[in-house]
Amino acid sequence: MKAMRQNDRWRWLTAGAVAVCLLAFTLLIGLLAWQGMRAFWPQLVDQYLFQPPEGDPVMVLGETLQRQRHDSGWRYWVKTGNRDFSPPDFRVIDSQSRAKTRRPADVIVLQRRSGGNAYGWFIELREDNEVLTARDRDALLHQRLQQVHGQLRQASHIRRIEMARLNAQLENLQRQAERQQLKGEFSAQRQSEYDANSAALQRNFAALGSQLAQLQSASHRDVLVLRDVQGQDHLIPLAQIVATWYPNNMSLGQKMQHFLSQLWQFVSDNPAAGESESGAFPAIFGTVLMVLLMSVIVMPLGVVAAVWLHEYAGRNALTRLVRIAVVNLAGVPSIVYGVFGLGFFVWLIGGTIDQIFYARALPNPTFGTPGLLWAALTLALLTLPVVIVATEEGLSRIPDSLRQGSLALGATQAETLWRVVLPMAVPAMLTGLILAVARAAGETAPLMLVGVVKMVPELPVDAVFPYLHLDRKFMHLGFQIYDLAFQSPNIDADRPLVYATALLLVVIILSLNLLAMALRHRLRERYRLMTH
């Protein structure tokens, strides 16, 4: 009875610990969601009139973040926007008396590609300095915005895909000619073929450049005239506007539609393509791609090391030393792995590859600079001890009777390992993969040394052969959180995006872990009967 009571206490203690962990995780998700989703909900815009004891009245237009009454009067925190022509876009205003407040229904908010939001009144549309008239100005604005966005997307496609493909073809043609010259095979006929092909590619490139210039010129013809709270007019090209809305005149359905549109824009837009300054798609893409490459690298290495330690090495001083080293590697700070990756992978291996295969491009490095491949290898080394320990633990749980039965039936040790042992250890391998993904996806410090950057002109994957460019730098959600939180010149405006990006990172890690857990559960059920 005493043992049963003690076991009962331990069960309650375990259940309480699990409940506390679940509650903490739920509160974390709730905090990130509440603070992050506010960035996408249309906030009401207030117009304030402050009357100082001396001087003229002061008018302020913006989103009210907080108002507080204190002993000497009132304090207002207002997001005023208009960063480029009326900085700063966040203001703290003290007033001895309560300010007069109104919410004009015709106030418009412009979400811009750079410079933050702009607040004011929509006066008119101009095309080449000619005023455009229409019965419904808002419908005309929406139509022109769609037209300009289509032109910008077409220009981005030409610049990032078609012109990049022609550049790659020109470089390949030049490298082929240089190889033929080194071998003495560059005859007059091949010189003529090279000149003809090069001229044709250059003509196509010039035609695309002319088309790109026309699209860019057409996208900057339309200009919106915005009047601020001080009565001054500002010309804002439609090419700089992402979206417009009237926050004080929106129904609940319109607000919900706007919220979903803003959320999708945050997830799918690419800042490098000029779509918006807050798009997270390159960081999402870089995070997932880096984790997948890391998984492809670390799993074979970790499984092979665990199999050697458990199945072949035996129990001796060497294996004990190796196990101690593996455990110690799991406790090394991640920044140390970043320094090792920079010195060994980037400078030593990458520099050697450049000298052997890319000597023509030197002194500009190709692989001798931080990139996606070196980041994946560094994180694979970082998470290797986790995979080794989890896989070896799974191998130790397989009954020896199964191995002996397979050997008794005439199978070799290698066949027993491949057909009996490893399939049953797959759930343990996936457990190691889950732990590795959870740690690698959230690492930031080592990536800052071996490949991650704030902004990339091109994604690591594009339409140009070999399609996956392992030498390119990439963006990462963890580094984007760090940059928004500590390096942003406008931290007040970016604070909601910090929470939104953190929530996005947690959701991605959770999704990858759930996928691996579902696969592990399926394989565990498949091989469960073999252990009984």
# chains A, B, ... in the order shown; residues from 1 in each chain; ligands from 1
call {"tool": "residues_around", "arguments": {"residues": "Met475 in chain A", "least_positions_apart": "6", "cutoff": "7 Å", "atoms": "only C-alpha atoms", "output": "PyMOL selection string"}}
result
chain A and resi 282-283+286+452-456
call {"tool": "residues_around", "arguments": {"residues": "range 181-198 of chain A", "least_positions_apart": "6", "cutoff": "9 Å", "atoms": "only C-alpha atoms", "output": "list in words"}}
result
Leu170, Leu173 and Gln174 of chain A
call {"tool": "select_by_dssp", "arguments": {"residues": "range 411-504 of chain A", "states": "helix (DSSP H, G or I)", "output": "PyMOL selection string"}}
result
chain A and resi 413-442+447-450+477-487+491-504
call {"tool": "select_by_dssp", "arguments": {"residues": "range 7-160 of chain A", "states": "strand (DSSP E)", "output": "VMD selection string"}}
result
chain A and resid 45 to 50 58 to 70 73 to 79 90 to 95 100 to 102 107 to 112 117 to 127 130 to 132
call {"tool": "closest_atom_pairs", "arguments": {"of": "range 47-141 of chain A", "to": "range 222-225 of chain A", "cutoff": "8 Å", "atoms": "only C-alpha atoms", "output": "Markdown table"}}
result
| residue | atom | partner | partner_atom | distance |
| --- | --- | --- | --- | --- |
| A:Phe122 | CA | A:Val225 | CA | 6.4 |
| A:Ile123 | CA | A:Val225 | CA | 5.5 |
| A:Glu124 | CA | A:Val225 | CA | 5.4 |
| A:Leu125 | CA | A:Leu224 | CA | 4.8 |
| A:Arg126 | CA | A:Val223 | CA | 5.1 |
| A:Glu127 | CA | A:Asp222 | CA | 4.6 |
| A:Asp128 | CA | A:Asp222 | CA | 6.8 |
call {"tool": "closest_atom_pairs", "arguments": {"of": "range 272-340 of chain A", "to": "range 497-513 of chain A", "cutoff": "10 Å", "atoms": "only C-alpha atoms", "output": "tab-separated table"}}
result
residue	atom	partner	partner_atom	distance
A:Ser278	CA	A:Leu497	CA	7.9
A:Gly279	CA	A:Leu497	CA	9.9
A:Ala280	CA	A:Thr501	CA	7.7
A:Ala283	CA	A:Thr501	CA	9.5
A:Ile284	CA	A:Leu505	CA	8.0
A:Thr287	CA	A:Leu505	CA	8.7
A:Val288	CA	A:Ile508	CA	8.0
A:Val291	CA	A:Leu512	CA	9.5
A:Leu292	CA	A:Leu512	CA	9.8
call {"tool": "residues_around", "arguments": {"residues": "Gly81 in chain A", "least_positions_apart": "4", "cutoff": "6 Å", "atoms": "only C-alpha atoms", "output": "JSON, numbers by chain"}}
result
{"A": [89, 117, 118]}
call {"tool": "closest_residue", "arguments": {"among": "A:Leu44, A:Met290, A:Leu384, A:Leu226", "to": "Ile241 in chain A", "atoms": "only C-alpha atoms"}}
result
A:Leu226
call {"tool": "atom_distance", "arguments": {"atom1": "CA of Leu260 in chain A", "atom2": "CA of Asp136 in chain A"}}
result
25.3 Å
call {"tool": "residues_around", "arguments": {"residues": "range 308-320 of chain A", "least_positions_apart": "6", "cutoff": "9 Å", "atoms": "only C-alpha atoms", "output": "list in words"}}
result
Glu392, Leu395, Ser396 and Leu417 of chain A
call {"tool": "residues_around", "arguments": {"residues": "range 335-347 of chain A", "least_positions_apart": "5", "cutoff": "7 Å", "atoms": "only C-alpha atoms", "output": "PDB file with C-alpha atoms, in the first residue's frame"}}
result
ATOM      1  CA  GLY A 368      34.712  30.566 -50.020  1.00  0.00           C
ATOM      2  CA  THR A 369      32.088  32.820 -48.483  1.00  0.00           C
ATOM      3  CA  PRO A 370      29.214  32.062 -46.067  1.00  0.00           C
ATOM      4  CA  TRP A 374      27.949  25.783 -44.991  1.00  0.00           C
ATOM      5  CA  THR A 378      27.305  23.630 -39.408  1.00  0.00           C
ATOM      6  CA  LEU A 382      25.511  20.969 -34.087  1.00  0.00           C
ATOM      7  CA  ALA A 445      24.023  32.811 -33.479  1.00  0.00           C
ATOM      8  CA  PRO A 446      25.967  30.289 -35.638  1.00  0.00           C
ATOM      9  CA  LEU A 447      23.994  31.237 -38.757  1.00  0.00           C
ATOM     10  CA  LEU A 449      28.676  33.601 -39.171  1.00  0.00           C
ATOM     11  CA  VAL A 450      28.021  31.014 -41.886  1.00  0.00           C
TER      12      VAL A 450
END
call {"tool": "closest_residue", "arguments": {"among": "A:Gly432, A:Gly73, A:Pro237, A:Gly394", "to": "Leu145 in chain A", "atoms": "only C-alpha atoms"}}
result
A:Pro237
call {"tool": "closest_residue", "arguments": {"among": "A:Arg113, A:His149, A:Arg160, A:Arg69", "to": "Asp94 in chain A", "atoms": "only C-alpha atoms"}}
result
A:Arg69
call {"tool": "closest_residue", "arguments": {"among": "A:Tyr467, A:Trp74, A:Trp10, A:Tyr119", "to": "Leu61 in chain A", "atoms": "only C-alpha atoms"}}
result
A:Tyr119
